[in-house]
$ cat start-v3.txt   # compact mmCIF, C-alpha atoms
# COMPACT_ATOMS: atom_id res chain seq x y z
CA GLY A 381 33.04 76.90 -127.93
CA GLU A 382 29.76 76.71 -126.06
CA ASP A 383 28.35 80.15 -126.77
CA VAL A 384 24.79 80.64 -127.95
CA GLU A 385 24.21 84.23 -129.00
CA GLN A 386 21.06 86.27 -129.46
CA SER A 387 20.27 89.91 -130.04
CA LEU A 388 19.05 91.55 -126.84
CA PHE A 389 15.93 93.41 -127.90
CA LEU A 390 13.25 93.48 -130.59
CA SER A 391 10.28 95.82 -130.88
CA VAL A 392 7.41 95.23 -133.33
CA ARG A 393 3.90 96.51 -133.89
CA GLU A 394 0.94 94.35 -133.10
CA GLY A 395 -0.07 92.32 -136.17
CA ASP A 396 3.41 92.38 -137.71
CA SER A 397 5.73 89.39 -137.89
CA SER A 398 8.61 89.04 -135.43
CA VAL A 399 11.86 87.31 -136.25
CA ILE A 400 14.22 86.39 -133.44
CA ASN A 401 17.66 85.17 -134.38
CA CYS A 402 20.18 82.92 -132.68
CA THR A 403 23.62 81.58 -133.52
CA TYR A 404 25.24 78.56 -131.93
CA THR A 405 28.69 77.08 -132.13
CA ASP A 406 28.50 73.34 -131.46
CA SER A 407 28.27 71.40 -134.72
CA SER A 408 27.29 68.28 -132.82
CA SER A 409 24.06 69.79 -131.50
CA THR A 410 21.10 67.55 -132.22
CA TYR A 411 18.12 69.50 -130.91
CA LEU A 412 17.64 73.25 -130.83
CA TYR A 413 14.92 74.86 -128.77
CA TRP A 414 12.94 78.03 -128.34
CA TYR A 415 11.57 78.96 -124.92
CA LYS A 416 9.37 81.83 -123.78
CA GLN A 417 9.66 83.46 -120.35
CA GLU A 418 7.10 85.94 -119.07
CA PRO A 419 7.94 88.22 -116.11
CA GLY A 420 8.31 86.32 -112.85
CA ALA A 421 7.60 82.98 -114.50
CA GLY A 422 9.48 79.88 -115.53
CA LEU A 423 10.49 78.87 -119.04
CA GLN A 424 7.84 77.54 -121.38
CA LEU A 425 8.95 75.27 -124.22
CA LEU A 426 7.55 76.75 -127.44
CA THR A 427 9.03 74.48 -130.05
CA TYR A 428 12.14 72.58 -131.00
CA ILE A 429 13.79 71.33 -134.16
CA PHE A 430 15.99 68.37 -134.90
CA SER A 431 19.27 69.27 -136.55
CA ASN A 432 18.57 67.33 -139.76
CA MET A 433 15.55 69.54 -140.45
CA ASP A 434 15.55 72.93 -142.18
CA MET A 435 12.17 74.18 -141.06
CA LYS A 436 9.39 73.43 -138.64
CA GLN A 437 6.02 75.16 -138.50
CA ASP A 438 3.62 75.09 -135.58
CA GLN A 439 0.61 77.40 -135.91
CA ARG A 440 1.99 80.98 -135.74
CA LEU A 441 5.54 79.81 -135.11
CA THR A 442 8.08 78.97 -137.80
CA VAL A 443 11.57 77.77 -136.97
CA LEU A 444 14.29 77.96 -139.60
CA LEU A 445 17.62 76.21 -139.21
CA ASN A 446 20.71 76.88 -141.30
CA LYS A 447 23.08 74.22 -140.09
CA LYS A 448 25.94 75.35 -142.34
CA ASP A 449 25.92 78.83 -140.74
CA LYS A 450 24.79 77.53 -137.32
CA HIS A 451 21.91 79.97 -137.43
CA LEU A 452 18.46 79.45 -135.93
CA SER A 453 15.49 81.77 -136.17
CA LEU A 454 11.99 81.94 -134.73
CA ARG A 455 9.29 83.74 -136.69
CA ILE A 456 6.07 84.68 -134.94
CA ALA A 457 3.30 85.56 -137.36
CA ASP A 458 0.62 88.11 -136.47
CA THR A 459 2.42 89.09 -133.26
CA GLN A 460 0.11 89.92 -130.35
CA THR A 461 0.68 91.92 -127.16
CA GLY A 462 0.57 88.62 -125.27
CA ASP A 463 3.71 87.58 -127.14
CA SER A 464 5.71 90.22 -125.26
CA ALA A 465 8.27 88.22 -123.27
CA ILE A 466 11.87 87.08 -123.29
CA TYR A 467 12.68 84.37 -125.82
CA PHE A 468 15.59 82.01 -125.30
CA CYS A 469 17.18 79.69 -127.79
CA ALA A 470 19.05 76.66 -126.53
CA GLU A 471 21.11 73.84 -127.95
CA PHE A 472 21.45 70.29 -126.75
CA GLN A 473 25.10 69.41 -127.23
CA THR A 474 25.79 65.77 -127.96
CA ASP A 475 29.56 65.80 -128.37
CA SER A 476 30.20 63.96 -125.16
CA SER A 477 28.78 66.37 -122.64
CA TYR A 478 24.99 66.40 -123.22
CA LYS A 479 24.86 69.94 -121.94
CA LEU A 480 21.80 72.09 -122.58
CA ILE A 481 23.17 75.58 -123.25
CA PHE A 482 21.10 78.77 -123.45
CA GLY A 483 21.51 82.12 -125.10
CA SER A 484 21.11 85.31 -123.10
CA GLY A 485 17.57 85.88 -124.36
CA THR A 486 15.83 88.36 -126.65
CA ARG A 487 13.29 90.69 -125.10
CA LEU A 488 10.34 91.10 -127.48
CA LEU A 489 8.16 94.17 -127.01
CA VAL A 490 4.92 94.28 -128.97
CA ARG A 491 3.52 97.81 -129.39
CA PRO A 492 -0.24 98.26 -129.76
CA ASN B 1390 5.33 73.03 -116.51
CA ALA B 1391 4.61 69.39 -116.85
CA GLY B 1392 6.36 67.00 -114.52
CA VAL B 1393 9.18 69.08 -112.98
CA THR B 1394 8.72 70.26 -109.42
CA GLN B 1395 11.14 72.45 -107.50
CA THR B 1396 11.11 72.98 -103.75
CA PRO B 1397 11.19 75.39 -102.07
CA LYS B 1398 9.82 78.23 -104.20
CA PHE B 1399 11.30 81.00 -102.05
CA ARG B 1400 14.03 81.10 -99.41
CA VAL B 1401 16.03 83.68 -97.53
CA LEU B 1402 19.38 82.58 -96.12
CA LYS B 1403 21.96 84.28 -93.99
CA THR B 1404 25.53 84.35 -95.24
CA GLY B 1405 27.28 81.13 -94.30
CA GLN B 1406 24.12 79.03 -93.96
CA SER B 1407 23.60 75.90 -96.00
CA MET B 1408 20.60 74.61 -97.86
CA THR B 1409 19.48 72.07 -100.43
CA LEU B 1410 17.18 72.69 -103.37
CA LEU B 1411 15.21 69.71 -104.63
CA CYS B 1412 14.20 69.03 -108.21
CA ALA B 1413 11.87 66.13 -108.90
CA GLN B 1414 10.64 64.87 -112.28
CA ASP B 1415 8.15 62.13 -113.06
CA MET B 1416 8.89 61.72 -116.77
CA ASN B 1417 11.68 59.13 -116.42
CA HIS B 1418 14.13 61.54 -118.04
CA GLU B 1419 17.82 60.73 -118.08
CA TYR B 1420 19.17 64.29 -118.21
CA MET B 1421 18.70 66.88 -115.48
CA TYR B 1422 20.12 70.38 -115.16
CA TRP B 1423 20.49 73.20 -112.64
CA TYR B 1424 20.71 76.82 -113.81
CA ARG B 1425 20.84 80.20 -112.21
CA GLN B 1426 19.26 83.29 -113.73
CA ASP B 1427 20.36 86.75 -112.67
CA PRO B 1428 18.54 90.00 -113.58
CA GLY B 1429 18.93 90.81 -117.25
CA MET B 1430 20.96 87.70 -117.91
CA GLY B 1431 20.26 84.38 -119.46
CA LEU B 1432 20.50 80.99 -117.84
CA ARG B 1433 23.91 79.82 -116.73
CA LEU B 1434 24.47 76.12 -116.25
CA ILE B 1435 25.67 75.21 -112.75
CA HIS B 1436 25.78 71.40 -112.77
CA TYR B 1437 24.05 68.68 -114.69
CA SER B 1438 23.51 64.93 -114.75
CA VAL B 1439 23.25 62.48 -117.62
CA GLY B 1440 21.83 59.67 -115.54
CA GLU B 1441 21.34 58.24 -112.08
CA GLY B 1442 24.55 58.38 -110.08
CA THR B 1443 26.30 60.81 -112.45
CA THR B 1444 27.02 64.53 -112.14
CA ALA B 1445 29.13 67.00 -114.12
CA LYS B 1446 30.16 70.63 -113.86
CA GLY B 1447 28.59 73.34 -115.95
CA GLU B 1448 29.69 76.93 -116.56
CA VAL B 1449 29.45 78.22 -112.97
CA PRO B 1450 29.88 75.29 -110.54
CA ASP B 1451 31.86 76.97 -107.76
CA GLY B 1452 30.07 77.13 -104.41
CA TYR B 1453 27.55 74.44 -105.36
CA ASN B 1454 27.36 70.67 -105.10
CA VAL B 1455 24.86 68.25 -106.57
CA SER B 1456 23.71 64.68 -106.19
CA ARG B 1457 21.58 62.32 -108.27
CA LEU B 1458 21.07 59.27 -106.10
CA LYS B 1459 17.69 58.53 -107.65
CA LYS B 1460 16.82 59.03 -111.30
CA GLN B 1461 13.84 61.23 -110.53
CA ASN B 1462 15.61 63.61 -108.13
CA PHE B 1463 18.43 66.10 -108.63
CA LEU B 1464 19.59 68.00 -105.55
CA LEU B 1465 21.53 71.26 -105.54
CA GLY B 1466 23.40 72.14 -102.37
CA LEU B 1467 24.91 75.35 -101.11
CA GLU B 1468 27.36 74.55 -98.32
CA SER B 1469 28.09 78.12 -97.23
CA ALA B 1470 25.81 80.65 -98.88
CA ALA B 1471 27.20 83.97 -100.12
CA PRO B 1472 25.34 87.11 -101.25
CA SER B 1473 26.64 86.46 -104.78
CA GLN B 1474 24.44 83.35 -104.83
CA THR B 1475 21.30 85.46 -104.63
CA SER B 1476 19.49 84.43 -107.78
CA VAL B 1477 16.59 82.52 -109.28
CA TYR B 1478 17.42 78.85 -109.69
CA PHE B 1479 15.81 76.71 -112.35
CA CYS B 1480 15.86 72.98 -112.77
CA ALA B 1481 15.22 71.23 -116.09
CA SER B 1482 14.87 67.64 -117.19
CA SER B 1483 15.17 66.20 -120.66
CA SER B 1484 14.77 62.97 -122.54
CA GLY B 1485 17.22 64.25 -125.15
CA THR B 1486 14.38 65.68 -127.23
CA GLU B 1487 11.95 67.80 -125.22
CA ALA B 1488 13.27 69.61 -122.15
CA PHE B 1489 10.99 70.97 -119.43
CA PHE B 1490 11.59 73.40 -116.60
CA GLY B 1491 10.43 73.77 -113.05
CA GLN B 1492 8.90 77.04 -111.85
CA GLY B 1493 12.05 78.22 -110.17
CA THR B 1494 13.36 78.91 -106.66
CA ARG B 1495 13.99 82.51 -105.67
CA LEU B 1496 16.90 82.55 -103.23
CA THR B 1497 18.08 85.61 -101.36
CA VAL B 1498 21.27 85.53 -99.31
CA VAL B 1499 21.60 88.38 -96.83
$ encode --input "start-v3.txt" --output "structure tokens"
Amino acid sequence: GEDVEQSLFLSVREGDSSVINCTYTDSSSTYLYWYKQEPGAGLQLLTYIFSNMDMKQDQRLTVLLNKKDKHLSLRIADTQTGDSAIYFCAEFQTDSSYKLIFGSGTRLLVRP
Amino acid sequence: NAGVTQTPKFRVLKTGQSMTLLCAQDMNHEYMYWYRQDPGMGLRLIHYSVGEGTTAKGEVPDGYNVSRLKKQNFLLGLESAAPSQTSVYFCASSSGTEAFFGQGTRLTVV
């Protein structure tokens, strides 16, 4: 299957941590990505992780990968109102297709 | 976003008209992708290319055609536009590691 699944909505208070989850199905995926989309804008690459890694940290962002369960998460520390956006996870499938498949996105709302 | 340019940014078409959307990248990437994004939905893959001269179907290819005659350009064509093709279209290019997007084309078919 090609499905990448995400929960639709997450609401947190400013200053708290946010955790956005994603599951994927293709065991041959090599790279997994997190993108941010603000209203009316394009997709901004936040970070990505190679499939032989368990964790990657980049300033306030931490990506965790559980390859056995095909589960990917993005943790945003000290969430700010400017983090309010839609977050997409994506997988680069390297079976034979080289497709780049996206989840349906998680809308993050940060309350003051 | 760095290196991926889409033209035009906005377009209104009448039903039955044709048009071509252009995606250009200057990063020498092998892989290029066309997606559509509808309100409240994620990105659905229309067509993609794994190199110059190659194209392949994605999840929603019907009503669209593509060409990749030059490595840096990926064209998306609508031969006979329908209202159901009203959407925001995004192009992406990738080296196989990082993948970058254009700013999108907002297409309305009336």
$ closest_residue --input "start-v3.txt" --among "A:Val399, A:Val392, A:Glu471, A:Ser407" --to "A:Lys450" --atoms "all atoms listed in the file"
A:Ser407
$ closest_atom_pairs --input "start-v3.txt" --of "chain A" --to "chain B" --cutoff "10 Å" --atoms "all atoms listed in the file" --output "CSV"
residue,atom,partner,partner_atom,distance
A:Glu382,CA,B:Glu1448,CA,9.5
A:Leu388,CA,B:Gly1429,CA,9.6
A:Thr410,CA,B:Thr1486,CA,8.6
A:Tyr411,CA,B:Thr1486,CA,6.5
A:Leu412,CA,B:Thr1486,CA,9.0
A:Tyr413,CA,B:Glu1487,CA,8.4
A:Tyr415,CA,B:Phe1489,CA,9.7
A:Gly420,CA,B:Gly1493,CA,9.3
A:Ala421,CA,B:Gln1492,CA,6.6
A:Gly422,CA,B:Gln1492,CA,4.7
A:Leu423,CA,B:Phe1490,CA,6.1
A:Gln424,CA,B:Asn1390,CA,7.1
A:Leu425,CA,B:Phe1489,CA,6.8
A:Thr427,CA,B:Glu1487,CA,8.7
A:Tyr428,CA,B:Glu1487,CA,7.5
A:Ile429,CA,B:Thr1486,CA,9.0
A:Phe430,CA,B:Thr1486,CA,8.3
A:Ile466,CA,B:Gly1431,CA,9.6
A:Tyr467,CA,B:Gly1431,CA,9.9
A:Phe468,CA,B:Gly1431,CA,7.8
A:Ala470,CA,B:Leu1432,CA,9.8
A:Phe472,CA,B:Gly1485,CA,7.5
A:Gln473,CA,B:Gly1485,CA,9.6
A:Thr474,CA,B:Gly1485,CA,9.1
A:Ser477,CA,B:Val1439,CA,8.4
A:Tyr478,CA,B:Val1439,CA,7.1
A:Lys479,CA,B:Tyr1437,CA,7.4
A:Leu480,CA,B:Tyr1422,CA,7.8
A:Ile481,CA,B:Leu1434,CA,7.1
A:Phe482,CA,B:Leu1432,CA,6.1
A:Gly483,CA,B:Gly1431,CA,6.2
A:Ser484,CA,B:Gly1431,CA,3.9
A:Gly485,CA,B:Gly1431,CA,5.8
A:Thr486,CA,B:Gly1431,CA,9.3
A:Arg487,CA,B:Gly1429,CA,9.7
$ atom_distance --input "start-v3.txt" --atom1 "atom CA of B:Leu1410" --atom2 "atom CA of B:Pro1428"
20.1 Å
$ axis_aligned_box --input "start-v3.txt" --around "stretch 456-471 of chain A" --padding-each-side "4 Å" --output "JSON"
{"center_x": 10.6, "center_y": 82.9, "center_z": -130.3, "size_x": 29.0, "size_y": 26.1, "size_z": 22.1}
$ atom_distance --input "start-v3.txt" --atom1 "atom CA of A:Asn401" --atom2 "atom CA of A:Ile456"
11.6 Å
$ closest_residue --input "start-v3.txt" --among "B:Gly1440, B:Leu1496, B:Thr1409, B:Ala1470" --to "B:Val1455" --atoms "only C-alpha atoms"
B:Thr1409
$ atom_distance --input "start-v3.txt" --atom1 "atom CA of A:Leu445" --atom2 "atom CA of A:Tyr404"
10.8 Å
$ residues_around --input "start-v3.txt" --residues "B:Asn1454" --least-positions-apart "6" --cutoff "7 Å" --atoms "all atoms listed in the file" --output "PyMOL selection string"
chain B and resi 1465-1467
$ build_atoms --input "start-v3.txt" --residues "stretch 1466-1481 of chain B" --atoms "N, CA and C atoms" --output "PDB file, in the frame of the given file"
ATOM      1  N   GLY B1466      23.046  71.715-103.713  1.00  0.00           N
ATOM      2  CA  GLY B1466      23.400  72.140-102.370  1.00  0.00           C
ATOM      3  C   GLY B1466      24.296  73.368-102.368  1.00  0.00           C
ATOM      4  N   LEU B1467      24.035  74.229-101.388  1.00  0.00           N
ATOM      5  CA  LEU B1467      24.910  75.350-101.110  1.00  0.00           C
ATOM      6  C   LEU B1467      25.483  75.104 -99.721  1.00  0.00           C
ATOM      7  N   GLU B1468      26.769  74.896 -99.619  1.00  0.00           N
ATOM      8  CA  GLU B1468      27.360  74.550 -98.320  1.00  0.00           C
ATOM      9  C   GLU B1468      27.503  75.766 -97.421  1.00  0.00           C
ATOM     10  N   SER B1469      27.887  76.892 -97.999  1.00  0.00           N
ATOM     11  CA  SER B1469      28.090  78.120 -97.230  1.00  0.00           C
ATOM     12  C   SER B1469      27.656  79.283 -98.110  1.00  0.00           C
ATOM     13  N   ALA B1470      26.400  79.675 -97.962  1.00  0.00           N
ATOM     14  CA  ALA B1470      25.810  80.650 -98.880  1.00  0.00           C
ATOM     15  C   ALA B1470      26.501  82.002 -98.811  1.00  0.00           C
ATOM     16  N   ALA B1471      26.613  82.632 -99.993  1.00  0.00           N
ATOM     17  CA  ALA B1471      27.200  83.970-100.120  1.00  0.00           C
ATOM     18  C   ALA B1471      26.194  84.874-100.826  1.00  0.00           C
ATOM     19  N   PRO B1472      26.269  86.186-100.570  1.00  0.00           N
ATOM     20  CA  PRO B1472      25.340  87.110-101.250  1.00  0.00           C
ATOM     21  C   PRO B1472      25.374  86.995-102.767  1.00  0.00           C
ATOM     22  N   SER B1473      26.530  86.607-103.331  1.00  0.00           N
ATOM     23  CA  SER B1473      26.640  86.460-104.780  1.00  0.00           C
ATOM     24  C   SER B1473      25.791  85.301-105.311  1.00  0.00           C
ATOM     25  N   GLN B1474      25.292  84.464-104.417  1.00  0.00           N
ATOM     26  CA  GLN B1474      24.440  83.350-104.830  1.00  0.00           C
ATOM     27  C   GLN B1474      22.952  83.719-104.797  1.00  0.00           C
ATOM     28  N   THR B1475      22.660  84.961-104.490  1.00  0.00           N
ATOM     29  CA  THR B1475      21.300  85.460-104.630  1.00  0.00           C
ATOM     30  C   THR B1475      20.915  85.400-106.102  1.00  0.00           C
ATOM     31  N   SER B1476      19.834  84.672-106.392  1.00  0.00           N
ATOM     32  CA  SER B1476      19.490  84.430-107.780  1.00  0.00           C
ATOM     33  C   SER B1476      18.161  83.672-107.835  1.00  0.00           C
ATOM     34  N   VAL B1477      17.695  83.443-109.056  1.00  0.00           N
ATOM     35  CA  VAL B1477      16.590  82.520-109.280  1.00  0.00           C
ATOM     36  C   VAL B1477      17.178  81.251-109.876  1.00  0.00           C
ATOM     37  N   TYR B1478      16.859  80.133-109.261  1.00  0.00           N
ATOM     38  CA  TYR B1478      17.420  78.850-109.690  1.00  0.00           C
ATOM     39  C   TYR B1478      16.346  78.041-110.403  1.00  0.00           C
ATOM     40  N   PHE B1479      16.720  77.534-111.567  1.00  0.00           N
ATOM     41  CA  PHE B1479      15.810  76.710-112.350  1.00  0.00           C
ATOM     42  C   PHE B1479      16.402  75.325-112.550  1.00  0.00           C
ATOM     43  N   CYS B1480      15.518  74.350-112.468  1.00  0.00           N
ATOM     44  CA  CYS B1480      15.860  72.980-112.770  1.00  0.00           C
ATOM     45  C   CYS B1480      15.171  72.590-114.076  1.00  0.00           C
ATOM     46  N   ALA B1481      15.826  71.752-114.870  1.00  0.00           N
ATOM     47  CA  ALA B1481      15.220  71.230-116.090  1.00  0.00           C
ATOM     48  C   ALA B1481      15.511  69.748-116.202  1.00  0.00           C
TER      49      ALA B1481
END
